[in-house]
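Asks: This is coords.txt (compact mmCIF, N, CA and C atoms and all ligand atoms).
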# COMPACT_ATOMS: atom_id res chain seq x y z
N MET A 11 -32.97 43.40 -30.43
CA MET A 11 -32.97 42.02 -30.96
C MET A 11 -31.73 41.75 -31.81
N ILE A 12 -31.39 42.75 -32.65
CA ILE A 12 -30.25 42.56 -33.56
C ILE A 12 -28.91 42.84 -32.86
N MET A 13 -28.97 43.67 -31.77
CA MET A 13 -27.72 44.09 -31.10
C MET A 13 -26.92 42.91 -30.51
N PRO A 14 -27.57 41.97 -29.81
CA PRO A 14 -26.78 40.83 -29.30
C PRO A 14 -26.08 40.06 -30.40
N LEU A 15 -26.77 39.99 -31.58
CA LEU A 15 -26.19 39.28 -32.72
C LEU A 15 -24.93 40.00 -33.23
N ILE A 16 -25.03 41.33 -33.31
CA ILE A 16 -23.89 42.13 -33.78
C ILE A 16 -22.74 42.03 -32.78
N ASN A 17 -23.09 42.10 -31.49
CA ASN A 17 -22.04 42.00 -30.46
C ASN A 17 -21.34 40.65 -30.53
N GLY A 18 -22.12 39.61 -30.75
CA GLY A 18 -21.53 38.26 -30.86
C GLY A 18 -20.61 38.18 -32.07
N LEU A 19 -21.05 38.76 -33.16
CA LEU A 19 -20.23 38.75 -34.40
C LEU A 19 -18.94 39.53 -34.20
N LYS A 20 -19.04 40.66 -33.45
CA LYS A 20 -17.87 41.49 -33.19
C LYS A 20 -16.82 40.67 -32.44
N ILE A 21 -17.28 39.92 -31.45
CA ILE A 21 -16.35 39.09 -30.65
C ILE A 21 -15.73 38.01 -31.53
N THR A 22 -16.56 37.38 -32.36
CA THR A 22 -16.04 36.34 -33.25
C THR A 22 -14.98 36.89 -34.19
N LEU A 23 -15.26 38.06 -34.78
CA LEU A 23 -14.31 38.67 -35.72
C LEU A 23 -13.02 39.07 -35.02
N LYS A 24 -13.16 39.59 -33.79
CA LYS A 24 -11.97 40.01 -33.03
C LYS A 24 -11.05 38.81 -32.81
N HIS A 25 -11.65 37.68 -32.43
CA HIS A 25 -10.85 36.48 -32.16
C HIS A 25 -10.29 35.86 -33.43
N LEU A 26 -10.96 36.10 -34.55
CA LEU A 26 -10.52 35.52 -35.82
C LEU A 26 -9.16 36.06 -36.22
N PHE A 27 -8.90 37.31 -35.91
CA PHE A 27 -7.64 37.95 -36.34
C PHE A 27 -6.62 38.06 -35.21
N MET A 28 -6.92 37.49 -34.04
CA MET A 28 -5.95 37.53 -32.94
C MET A 28 -4.88 36.47 -33.13
N LYS A 29 -3.72 36.70 -32.53
CA LYS A 29 -2.65 35.71 -32.58
C LYS A 29 -3.13 34.46 -31.82
N PRO A 30 -3.00 33.26 -32.41
CA PRO A 30 -3.50 32.08 -31.69
C PRO A 30 -2.75 31.83 -30.39
N VAL A 31 -3.48 31.36 -29.38
CA VAL A 31 -2.84 31.09 -28.09
C VAL A 31 -2.42 29.63 -27.99
N THR A 32 -2.89 28.82 -28.91
CA THR A 32 -2.49 27.41 -28.88
C THR A 32 -1.23 27.22 -29.72
N LEU A 33 -0.46 26.20 -29.38
CA LEU A 33 0.76 25.89 -30.12
C LEU A 33 0.56 24.60 -30.88
N GLN A 34 1.21 24.49 -32.04
CA GLN A 34 1.13 23.26 -32.83
C GLN A 34 2.18 22.27 -32.31
N TYR A 35 1.99 21.85 -31.06
CA TYR A 35 2.92 20.92 -30.43
C TYR A 35 2.83 19.56 -31.15
N PRO A 36 3.92 18.84 -31.44
CA PRO A 36 5.29 19.12 -30.99
C PRO A 36 6.13 19.92 -31.98
N ASP A 37 5.54 20.37 -33.10
CA ASP A 37 6.34 21.19 -34.03
C ASP A 37 6.74 22.52 -33.39
N GLU A 38 5.79 23.08 -32.62
CA GLU A 38 6.11 24.30 -31.88
C GLU A 38 6.19 23.93 -30.42
N ARG A 39 7.24 24.37 -29.76
CA ARG A 39 7.42 24.01 -28.34
C ARG A 39 7.31 25.26 -27.47
N PRO A 40 6.64 25.12 -26.33
CA PRO A 40 6.51 26.28 -25.45
C PRO A 40 7.82 26.55 -24.70
N THR A 41 8.01 27.79 -24.30
CA THR A 41 9.15 28.11 -23.43
C THR A 41 8.61 28.20 -22.01
N PRO A 42 8.98 27.26 -21.15
CA PRO A 42 8.43 27.30 -19.79
C PRO A 42 8.89 28.56 -19.04
N SER A 43 8.10 28.97 -18.08
CA SER A 43 8.46 30.14 -17.27
C SER A 43 9.71 29.83 -16.46
N PRO A 44 10.48 30.85 -16.08
CA PRO A 44 11.70 30.60 -15.28
C PRO A 44 11.39 29.89 -13.96
N ASN A 45 10.16 30.02 -13.48
CA ASN A 45 9.80 29.37 -12.21
C ASN A 45 9.21 27.98 -12.41
N TYR A 46 9.21 27.49 -13.64
CA TYR A 46 8.58 26.21 -13.92
C TYR A 46 9.25 25.08 -13.12
N ARG A 47 8.44 24.20 -12.58
CA ARG A 47 8.99 23.07 -11.81
C ARG A 47 8.81 21.79 -12.61
N GLY A 48 9.88 21.42 -13.33
CA GLY A 48 9.86 20.19 -14.11
C GLY A 48 10.72 19.13 -13.44
N LEU A 49 11.35 18.33 -14.27
CA LEU A 49 12.18 17.24 -13.75
C LEU A 49 13.29 17.77 -12.85
N HIS A 50 13.57 17.02 -11.78
CA HIS A 50 14.65 17.39 -10.86
C HIS A 50 16.01 17.13 -11.49
N ALA A 51 17.02 17.79 -10.94
CA ALA A 51 18.40 17.49 -11.33
C ALA A 51 19.27 17.61 -10.08
N LEU A 52 20.19 16.67 -9.95
CA LEU A 52 21.16 16.74 -8.85
C LEU A 52 22.36 17.54 -9.34
N LYS A 53 22.68 18.60 -8.64
CA LYS A 53 23.81 19.44 -9.07
C LYS A 53 25.12 18.70 -8.82
N VAL A 54 26.09 19.01 -9.68
CA VAL A 54 27.38 18.33 -9.61
C VAL A 54 28.46 19.33 -9.21
N SER A 55 29.36 18.89 -8.33
CA SER A 55 30.49 19.72 -7.95
C SER A 55 31.69 18.80 -7.78
N HIS A 56 32.83 19.19 -8.31
CA HIS A 56 34.05 18.36 -8.26
C HIS A 56 33.78 16.93 -8.74
N ASN A 57 33.08 16.86 -9.85
CA ASN A 57 32.80 15.59 -10.53
C ASN A 57 31.94 14.62 -9.74
N ARG A 58 31.22 15.11 -8.75
CA ARG A 58 30.26 14.23 -8.09
C ARG A 58 29.06 15.03 -7.58
N ALA A 59 27.99 14.32 -7.31
CA ALA A 59 26.77 15.00 -6.87
C ALA A 59 27.03 15.76 -5.58
N LYS A 60 26.46 16.98 -5.49
CA LYS A 60 26.67 17.80 -4.29
C LYS A 60 25.95 17.25 -3.06
N CYS A 61 24.99 16.35 -3.31
CA CYS A 61 24.17 15.81 -2.22
C CYS A 61 25.03 15.17 -1.14
N VAL A 62 24.74 15.52 0.13
CA VAL A 62 25.50 14.96 1.25
C VAL A 62 24.66 13.96 2.04
N ALA A 63 23.60 13.49 1.42
CA ALA A 63 22.73 12.46 2.01
C ALA A 63 22.27 12.81 3.43
N CYS A 64 21.72 14.03 3.56
CA CYS A 64 21.28 14.48 4.90
C CYS A 64 19.86 14.00 5.21
N TYR A 65 19.17 13.49 4.23
CA TYR A 65 17.81 12.95 4.37
C TYR A 65 16.73 14.01 4.58
N LEU A 66 17.08 15.29 4.38
CA LEU A 66 16.04 16.32 4.58
C LEU A 66 14.98 16.27 3.48
N CYS A 67 15.42 16.05 2.23
CA CYS A 67 14.42 16.07 1.14
C CYS A 67 13.43 14.90 1.25
N PRO A 68 13.88 13.65 1.53
CA PRO A 68 12.85 12.62 1.70
C PRO A 68 11.95 12.86 2.90
N THR A 69 12.48 13.59 3.90
CA THR A 69 11.67 13.86 5.10
C THR A 69 10.57 14.87 4.80
N VAL A 70 10.90 15.93 4.03
CA VAL A 70 9.86 16.95 3.77
C VAL A 70 8.92 16.55 2.64
N CYS A 71 9.34 15.63 1.80
CA CYS A 71 8.53 15.30 0.61
C CYS A 71 7.14 14.81 1.01
N PRO A 72 6.08 15.54 0.64
CA PRO A 72 4.74 15.12 1.04
C PRO A 72 4.28 13.84 0.35
N ALA A 73 4.87 13.54 -0.79
CA ALA A 73 4.45 12.34 -1.55
C ALA A 73 5.31 11.13 -1.21
N LYS A 74 6.32 11.35 -0.38
CA LYS A 74 7.24 10.26 0.03
C LYS A 74 7.77 9.50 -1.20
N CYS A 75 8.26 10.25 -2.14
CA CYS A 75 8.72 9.60 -3.37
C CYS A 75 10.22 9.68 -3.57
N ILE A 76 10.95 10.17 -2.54
CA ILE A 76 12.42 10.24 -2.65
C ILE A 76 13.03 9.16 -1.78
N THR A 77 13.96 8.40 -2.35
CA THR A 77 14.69 7.39 -1.58
C THR A 77 16.17 7.77 -1.59
N VAL A 78 16.73 7.88 -0.40
CA VAL A 78 18.15 8.20 -0.28
C VAL A 78 18.82 7.15 0.59
N GLU A 79 19.97 6.69 0.15
CA GLU A 79 20.80 5.82 1.00
C GLU A 79 22.19 6.43 1.04
N ALA A 80 22.68 6.62 2.26
CA ALA A 80 23.97 7.30 2.42
C ALA A 80 25.14 6.34 2.30
N GLY A 81 26.22 6.85 1.74
CA GLY A 81 27.49 6.12 1.72
C GLY A 81 28.54 7.02 2.34
N GLU A 82 29.73 6.50 2.55
CA GLU A 82 30.80 7.30 3.15
C GLU A 82 32.04 7.12 2.29
N ASP A 83 32.69 8.25 1.94
CA ASP A 83 33.89 8.10 1.11
C ASP A 83 35.13 7.93 1.98
N GLN A 84 36.32 7.90 1.35
CA GLN A 84 37.56 7.64 2.10
C GLN A 84 37.88 8.75 3.10
N ASN A 85 37.28 9.96 2.88
CA ASN A 85 37.50 11.07 3.83
C ASN A 85 36.41 11.11 4.90
N HIS A 86 35.61 10.06 4.96
CA HIS A 86 34.48 9.97 5.89
C HIS A 86 33.42 11.03 5.64
N ASP A 87 33.35 11.52 4.39
CA ASP A 87 32.27 12.45 4.01
C ASP A 87 31.10 11.64 3.47
N LYS A 88 29.91 12.05 3.86
CA LYS A 88 28.72 11.32 3.40
C LYS A 88 28.34 11.74 1.98
N TYR A 89 27.85 10.80 1.23
CA TYR A 89 27.33 11.11 -0.10
C TYR A 89 26.14 10.17 -0.37
N ALA A 90 25.38 10.49 -1.38
CA ALA A 90 24.21 9.67 -1.68
C ALA A 90 24.65 8.48 -2.54
N GLU A 91 24.71 7.33 -1.90
CA GLU A 91 25.06 6.13 -2.66
C GLU A 91 23.89 5.76 -3.57
N ARG A 92 22.70 5.99 -3.04
CA ARG A 92 21.49 5.77 -3.83
C ARG A 92 20.60 6.99 -3.69
N TYR A 93 20.12 7.48 -4.81
CA TYR A 93 19.20 8.62 -4.78
C TYR A 93 18.17 8.39 -5.88
N GLU A 94 16.93 8.29 -5.51
CA GLU A 94 15.88 7.98 -6.49
C GLU A 94 14.65 8.85 -6.26
N ILE A 95 14.03 9.25 -7.34
CA ILE A 95 12.75 9.95 -7.24
C ILE A 95 11.74 9.21 -8.12
N ASP A 96 10.62 8.85 -7.52
CA ASP A 96 9.55 8.19 -8.26
C ASP A 96 8.61 9.28 -8.78
N LEU A 97 8.75 9.58 -10.06
CA LEU A 97 7.95 10.69 -10.62
C LEU A 97 6.47 10.40 -10.71
N LEU A 98 6.09 9.13 -10.63
CA LEU A 98 4.66 8.82 -10.67
C LEU A 98 3.96 9.30 -9.40
N ARG A 99 4.75 9.47 -8.33
CA ARG A 99 4.16 9.94 -7.08
C ARG A 99 4.42 11.42 -6.83
N CYS A 100 5.45 11.94 -7.45
CA CYS A 100 5.85 13.34 -7.23
C CYS A 100 4.73 14.30 -7.63
N ILE A 101 4.52 15.33 -6.82
CA ILE A 101 3.49 16.33 -7.15
C ILE A 101 4.15 17.66 -7.56
N PHE A 102 5.46 17.63 -7.76
CA PHE A 102 6.23 18.79 -8.26
C PHE A 102 6.00 20.04 -7.40
N CYS A 103 5.99 19.83 -6.09
CA CYS A 103 5.76 20.96 -5.18
C CYS A 103 7.03 21.77 -4.95
N GLY A 104 8.18 21.15 -5.13
CA GLY A 104 9.45 21.87 -4.96
C GLY A 104 9.95 21.94 -3.52
N TYR A 105 9.25 21.30 -2.58
CA TYR A 105 9.70 21.35 -1.18
C TYR A 105 11.10 20.75 -1.01
N CYS A 106 11.39 19.71 -1.79
CA CYS A 106 12.70 19.05 -1.68
C CYS A 106 13.82 20.03 -1.99
N VAL A 107 13.61 20.86 -3.01
CA VAL A 107 14.63 21.83 -3.41
C VAL A 107 14.79 22.88 -2.32
N GLU A 108 13.67 23.34 -1.78
CA GLU A 108 13.71 24.36 -0.73
C GLU A 108 14.40 23.84 0.52
N ALA A 109 14.23 22.56 0.81
CA ALA A 109 14.75 22.01 2.06
C ALA A 109 16.24 21.72 2.02
N CYS A 110 16.80 21.57 0.85
CA CYS A 110 18.19 21.12 0.75
C CYS A 110 19.15 22.15 1.34
N PRO A 111 19.93 21.77 2.35
CA PRO A 111 20.82 22.75 3.00
C PRO A 111 22.07 23.05 2.20
N VAL A 112 22.38 22.24 1.20
CA VAL A 112 23.62 22.48 0.44
C VAL A 112 23.33 22.83 -1.02
N ASP A 113 22.09 23.15 -1.31
CA ASP A 113 21.69 23.55 -2.67
C ASP A 113 22.12 22.50 -3.72
N ALA A 114 21.83 21.26 -3.39
CA ALA A 114 22.29 20.17 -4.26
C ALA A 114 21.24 19.75 -5.28
N LEU A 115 20.05 20.28 -5.13
CA LEU A 115 18.94 19.81 -5.96
C LEU A 115 18.27 21.00 -6.63
N LYS A 116 17.83 20.81 -7.86
CA LYS A 116 17.07 21.88 -8.52
C LYS A 116 15.99 21.24 -9.38
N MET A 117 15.06 22.06 -9.82
CA MET A 117 14.04 21.57 -10.74
C MET A 117 14.27 22.25 -12.08
N THR A 118 14.31 21.46 -13.12
CA THR A 118 14.62 21.98 -14.44
C THR A 118 13.31 22.33 -15.17
N ASP A 119 13.46 22.83 -16.40
CA ASP A 119 12.25 23.13 -17.19
C ASP A 119 11.87 21.96 -18.10
N GLN A 120 12.41 20.80 -17.80
CA GLN A 120 12.10 19.62 -18.63
C GLN A 120 10.69 19.13 -18.29
N PHE A 121 9.80 19.19 -19.26
CA PHE A 121 8.40 18.82 -18.98
C PHE A 121 7.93 17.61 -19.79
N GLU A 122 8.75 17.17 -20.73
CA GLU A 122 8.31 16.04 -21.55
C GLU A 122 8.74 14.75 -20.86
N LEU A 123 7.87 14.25 -19.99
CA LEU A 123 8.25 13.14 -19.12
C LEU A 123 7.43 11.88 -19.38
N ALA A 124 6.71 11.87 -20.48
CA ALA A 124 5.87 10.70 -20.77
C ALA A 124 6.74 9.47 -21.01
N ASN A 125 6.22 8.33 -20.64
CA ASN A 125 6.96 7.09 -20.83
C ASN A 125 5.98 5.93 -20.93
N TYR A 126 6.50 4.76 -21.24
CA TYR A 126 5.63 3.61 -21.46
C TYR A 126 5.59 2.65 -20.29
N LYS A 127 6.73 2.54 -19.58
CA LYS A 127 6.78 1.56 -18.49
C LYS A 127 6.89 2.27 -17.14
N ARG A 128 6.24 1.68 -16.13
CA ARG A 128 6.24 2.30 -14.81
C ARG A 128 7.66 2.52 -14.29
N GLU A 129 8.53 1.52 -14.52
CA GLU A 129 9.89 1.62 -13.97
C GLU A 129 10.68 2.78 -14.60
N ASP A 130 10.27 3.21 -15.79
CA ASP A 130 10.99 4.32 -16.42
C ASP A 130 10.69 5.67 -15.76
N PHE A 131 9.69 5.68 -14.89
CA PHE A 131 9.39 6.91 -14.17
C PHE A 131 10.19 7.04 -12.88
N VAL A 132 10.91 6.00 -12.54
CA VAL A 132 11.77 6.07 -11.35
C VAL A 132 13.13 6.58 -11.81
N PHE A 133 13.45 7.80 -11.43
CA PHE A 133 14.72 8.41 -11.86
C PHE A 133 15.78 8.14 -10.82
N VAL A 134 16.74 7.31 -11.21
CA VAL A 134 17.85 6.98 -10.30
C VAL A 134 18.90 8.08 -10.39
N LYS A 135 19.87 8.01 -9.50
CA LYS A 135 20.87 9.08 -9.38
C LYS A 135 21.54 9.41 -10.73
N GLU A 136 21.93 8.39 -11.45
CA GLU A 136 22.64 8.61 -12.72
C GLU A 136 21.78 9.40 -13.71
N ARG A 137 20.48 9.16 -13.68
CA ARG A 137 19.59 9.88 -14.60
C ARG A 137 19.33 11.32 -14.13
N LEU A 138 19.50 11.53 -12.82
CA LEU A 138 19.19 12.85 -12.27
C LEU A 138 20.36 13.80 -12.28
N LEU A 139 21.56 13.27 -12.48
CA LEU A 139 22.76 14.13 -12.43
C LEU A 139 22.65 15.23 -13.48
N GLU A 140 22.98 16.44 -13.06
CA GLU A 140 22.91 17.60 -13.96
C GLU A 140 23.81 17.39 -15.18
N LYS A 141 23.26 17.59 -16.35
CA LYS A 141 24.07 17.38 -17.57
C LYS A 141 24.87 18.63 -17.89
S1 LIG A 201 8.76 18.05 -5.83
FE1 LIG A 201 7.59 17.66 -3.94
S2 LIG A 201 6.62 15.70 -4.27
FE2 LIG A 201 8.23 15.88 -5.80
S3 LIG A 201 10.01 14.90 -4.90
FE3 LIG A 201 10.14 17.08 -4.37
S4 LIG A 201 9.13 17.27 -2.38
FE4 LIG A 201 8.55 15.29 -3.25
S1 LIG A 202 18.29 17.63 1.10
FE1 LIG A 202 19.97 17.92 -0.37
S2 LIG A 202 21.77 17.07 0.62
FE2 LIG A 202 19.99 16.34 1.76
S3 LIG A 202 19.54 14.33 0.86
FE3 LIG A 202 18.30 15.83 -0.23
S4 LIG A 202 19.51 16.47 -2.02
FE4 LIG A 202 20.88 15.42 -0.59
For the file at hand, write its structure as structure tokens.
Replies:
Amino acid sequence: MIMPLINGLKITLKHLFMKPVTLQYPDERPTPSPNYRGLHALKVSHNRAKCVACYLCPTVCPAKCITVEAGEDQNHDKYAERYEIDLLRCIFCGYCVEACPVDALKMTDQFELANYKREDFVFVKERLLEK
């Protein structure tokens, strides 16, 4: 009769002196795992986005939240004139990054994505460029 009570107390005492697993966010910030899939970033090379507007990422995206419009520069090379990701629809699966043939896209560890207006969740090319 008394043993379950003692066992329960033992567990309570053990947890009382353990290091807390919760963080006092936002004063304490977590370090995301290296594999964390947060906000996307378009990689930059030679002062412009590496994206060659091949349309593979919008094709594989299961949420259909990527919009790409191709442009052509003076050397007839394609580039993304428009590149947008609607984060309200994105499920952060990472397929877009895997599909990119030129490694132009990555997912960062940025997880603080809350916002007030719907339009602020649409990340246009300028907002996605790697800083
Ligand atoms: S992470 Fe997934 S859902 Fe989000 S844009 Fe990429 S492919 Fe689409
Ligand atoms: S798959 Fe890569 S190169 Fe193709 S449109 Fe997407 S980001 Fe650009």
Asks: As a list in words, please: every residue in chain A that a backbone DSSP assignment puts in alpha helix (DSSP H).
Replies: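 Result set for chain A (alpha helix (DSSP H)): Met13, Pro14, Leu15, Ile16, Asn17, Gly18, Leu19, Lys20, Ile21, Thr22, Leu23, Lys24, His25, Leu26, Leu66, Cys67, Pro68, Thr69, Val70, Tyr105, Cys106, Val107, Glu108, Ala109, Lys135, Glu136, Arg137 and Leu138 of chain A.
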Asks: Using only N, CA and C atoms and all ligand atoms, what table do you get, as CSV, when you list each residue of chain A with an atom no more than 6 Å from ligand LIG 202 (chain A), its nearest pair of atoms, and their distance in Å rounded to one decimal, rows by chain then rising number?
Replies:
residue,atom,partner,partner_atom,distance
A:Lys60,C,A:LIG202,S2,5.6
A:Cys61,CA,A:LIG202,FE4,3.7
A:Val62,N,A:LIG202,S2,3.4
A:Ala63,CA,A:LIG202,S3,3.9
A:Cys64,N,A:LIG202,FE2,3.4
A:Tyr65,N,A:LIG202,S3,3.5
A:Leu66,N,A:LIG202,FE2,4.1
A:Cys67,N,A:LIG202,S1,3.5
A:Pro68,N,A:LIG202,FE3,5.2
A:Cys106,C,A:LIG202,S1,5.9
A:Ala109,C,A:LIG202,S1,4.7
A:Cys110,CA,A:LIG202,S1,3.5
A:Pro111,N,A:LIG202,S1,4.6
A:Val112,N,A:LIG202,FE1,5.2
A:Asp113,N,A:LIG202,FE1,5.7
A:Ala114,N,A:LIG202,FE1,4.9
A:Leu115,N,A:LIG202,S4,4.9
Asks: Would you save the residues from that selection as a compact mmCIF listing (two decimals), keeping the file's coordinate frame, using N, CA and C atoms?
Replies:
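The result, stored in again20.txt:
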# COMPACT_ATOMS: atom_id res chain seq x y z
N LYS A 60 26.46 16.98 -5.49
CA LYS A 60 26.67 17.80 -4.29
C LYS A 60 25.95 17.25 -3.06
N CYS A 61 24.99 16.35 -3.31
CA CYS A 61 24.17 15.81 -2.22
C CYS A 61 25.03 15.17 -1.14
N VAL A 62 24.74 15.52 0.13
CA VAL A 62 25.50 14.96 1.25
C VAL A 62 24.66 13.96 2.04
N ALA A 63 23.60 13.49 1.42
CA ALA A 63 22.73 12.46 2.01
C ALA A 63 22.27 12.81 3.43
N CYS A 64 21.72 14.03 3.56
CA CYS A 64 21.28 14.48 4.90
C CYS A 64 19.86 14.00 5.21
N TYR A 65 19.17 13.49 4.23
CA TYR A 65 17.81 12.95 4.37
C TYR A 65 16.73 14.01 4.58
N LEU A 66 17.08 15.29 4.38
CA LEU A 66 16.04 16.32 4.58
C LEU A 66 14.98 16.27 3.48
N CYS A 67 15.42 16.05 2.23
CA CYS A 67 14.42 16.07 1.14
C CYS A 67 13.43 14.90 1.25
N PRO A 68 13.88 13.65 1.53
CA PRO A 68 12.85 12.62 1.70
C PRO A 68 11.95 12.86 2.90
N CYS A 106 11.39 19.71 -1.79
CA CYS A 106 12.70 19.05 -1.68
C CYS A 106 13.82 20.03 -1.99
N ALA A 109 14.23 22.56 0.81
CA ALA A 109 14.75 22.01 2.06
C ALA A 109 16.24 21.72 2.02
N CYS A 110 16.80 21.57 0.85
CA CYS A 110 18.19 21.12 0.75
C CYS A 110 19.15 22.15 1.34
N PRO A 111 19.93 21.77 2.35
CA PRO A 111 20.82 22.75 3.00
C PRO A 111 22.07 23.05 2.20
N VAL A 112 22.38 22.24 1.20
CA VAL A 112 23.62 22.48 0.44
C VAL A 112 23.33 22.83 -1.02
N ASP A 113 22.09 23.15 -1.31
CA ASP A 113 21.69 23.55 -2.67
C ASP A 113 22.12 22.50 -3.72
N ALA A 114 21.83 21.26 -3.39
CA ALA A 114 22.29 20.17 -4.26
C ALA A 114 21.24 19.75 -5.28
N LEU A 115 20.05 20.28 -5.13
CA LEU A 115 18.94 19.81 -5.96
C LEU A 115 18.27 21.00 -6.63
Asks: Between atom N of Phe133 (chain A) and atom N of Leu52 (chain A), what is the distance in Å, rounded to a tenth?
Replies: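 Separation between atom N of Phe133 (chain A) and atom N of Leu52 (chain A): 11.2 Å.
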Asks: Quick one: pull the distance between CA of Ala80 (chain A) and atom N of Arg92 (chain A), Å, one decimal.
Replies: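 If I compute the distance from CA of Ala80 (chain A) to atom N of Arg92 (chain A), I get 5.8 Å.
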Asks: Would you list the residues that come within 6.5 Å of ligand LIG 201 (chain A)? Count all atoms listed in the file and give the answer as a PDB file with N, CA and C atoms, keeping the file's coordinate frame.
Replies:
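Okay, this is what ended up in part-v8.pdb:
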ATOM      1  N   CYS A  67      15.420  16.050   2.230  1.00  0.00           N
ATOM      2  CA  CYS A  67      14.420  16.070   1.140  1.00  0.00           C
ATOM      3  C   CYS A  67      13.430  14.900   1.250  1.00  0.00           C
ATOM      4  N   VAL A  70      10.900  15.930   4.030  1.00  0.00           N
ATOM      5  CA  VAL A  70       9.860  16.950   3.770  1.00  0.00           C
ATOM      6  C   VAL A  70       8.920  16.550   2.640  1.00  0.00           C
ATOM      7  N   CYS A  71       9.340  15.630   1.800  1.00  0.00           N
ATOM      8  CA  CYS A  71       8.530  15.300   0.610  1.00  0.00           C
ATOM      9  C   CYS A  71       7.140  14.810   1.010  1.00  0.00           C
ATOM     10  N   PRO A  72       6.080  15.540   0.640  1.00  0.00           N
ATOM     11  CA  PRO A  72       4.740  15.120   1.040  1.00  0.00           C
ATOM     12  C   PRO A  72       4.280  13.840   0.350  1.00  0.00           C
ATOM     13  N   ALA A  73       4.870  13.540  -0.790  1.00  0.00           N
ATOM     14  CA  ALA A  73       4.450  12.340  -1.550  1.00  0.00           C
ATOM     15  C   ALA A  73       5.310  11.130  -1.210  1.00  0.00           C
ATOM     16  N   LYS A  74       6.320  11.350  -0.380  1.00  0.00           N
ATOM     17  CA  LYS A  74       7.240  10.260   0.030  1.00  0.00           C
ATOM     18  C   LYS A  74       7.770   9.500  -1.200  1.00  0.00           C
ATOM     19  N   CYS A  75       8.260  10.250  -2.140  1.00  0.00           N
ATOM     20  CA  CYS A  75       8.720   9.600  -3.370  1.00  0.00           C
ATOM     21  C   CYS A  75      10.220   9.680  -3.570  1.00  0.00           C
ATOM     22  N   ILE A  76      10.950  10.170  -2.540  1.00  0.00           N
ATOM     23  CA  ILE A  76      12.420  10.240  -2.650  1.00  0.00           C
ATOM     24  C   ILE A  76      13.030   9.160  -1.780  1.00  0.00           C
ATOM     25  N   ILE A  95      14.030   9.250  -7.340  1.00  0.00           N
ATOM     26  CA  ILE A  95      12.750   9.950  -7.240  1.00  0.00           C
ATOM     27  C   ILE A  95      11.740   9.210  -8.120  1.00  0.00           C
ATOM     28  N   ARG A  99       4.750   9.470  -8.330  1.00  0.00           N
ATOM     29  CA  ARG A  99       4.160   9.940  -7.080  1.00  0.00           C
ATOM     30  C   ARG A  99       4.420  11.420  -6.830  1.00  0.00           C
ATOM     31  N   CYS A 100       5.450  11.940  -7.450  1.00  0.00           N
ATOM     32  CA  CYS A 100       5.850  13.340  -7.230  1.00  0.00           C
ATOM     33  C   CYS A 100       4.730  14.300  -7.630  1.00  0.00           C
ATOM     34  N   ILE A 101       4.520  15.330  -6.820  1.00  0.00           N
ATOM     35  CA  ILE A 101       3.490  16.330  -7.150  1.00  0.00           C
ATOM     36  C   ILE A 101       4.150  17.660  -7.560  1.00  0.00           C
ATOM     37  N   PHE A 102       5.460  17.630  -7.760  1.00  0.00           N
ATOM     38  CA  PHE A 102       6.230  18.790  -8.260  1.00  0.00           C
ATOM     39  C   PHE A 102       6.000  20.040  -7.400  1.00  0.00           C
ATOM     40  N   CYS A 103       5.990  19.830  -6.090  1.00  0.00           N
ATOM     41  CA  CYS A 103       5.760  20.960  -5.180  1.00  0.00           C
ATOM     42  C   CYS A 103       7.030  21.770  -4.950  1.00  0.00           C
ATOM     43  N   GLY A 104       8.180  21.150  -5.130  1.00  0.00           N
ATOM     44  CA  GLY A 104       9.450  21.870  -4.960  1.00  0.00           C
ATOM     45  C   GLY A 104       9.950  21.940  -3.520  1.00  0.00           C
ATOM     46  N   TYR A 105       9.250  21.300  -2.580  1.00  0.00           N
ATOM     47  CA  TYR A 105       9.700  21.350  -1.180  1.00  0.00           C
ATOM     48  C   TYR A 105      11.100  20.750  -1.010  1.00  0.00           C
ATOM     49  N   CYS A 106      11.390  19.710  -1.790  1.00  0.00           N
ATOM     50  CA  CYS A 106      12.700  19.050  -1.680  1.00  0.00           C
ATOM     51  C   CYS A 106      13.820  20.030  -1.990  1.00  0.00           C
ATOM     52  N   VAL A 107      13.610  20.860  -3.010  1.00  0.00           N
ATOM     53  CA  VAL A 107      14.630  21.830  -3.410  1.00  0.00           C
ATOM     54  C   VAL A 107      14.790  22.880  -2.320  1.00  0.00           C
TER      55      VAL A 107
END
Asks: Can you tell me how far atom N of Glu129 (chain A) sits from CA of Ala90 (chain A), in Å to one decimal?
Replies: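 Spanning atom N of Glu129 (chain A) to CA of Ala90 (chain A) is a straight-line distance of 21.8 Å.
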Asks: Using only C-alpha atoms for the distances, tell me which of A:Arg39, A:Asn17, A:Leu97, A:Met28 is nearest to Val132 (chain A).
Replies: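 Smallest separation from Val132 (chain A) among the options: A:Leu97.
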Asks: Region 108-118 of chain A, all listed atoms, 8 Å padding on each side: what axis-aligned box centre and edge lengths in Å to one decimal come out, as AutoDock Vina command-line options?
Replies:
--center_x 18.5 --center_y 22.1 --center_z -6.1 --size_x 26.3 --size_y 20.6 --size_z 34.2
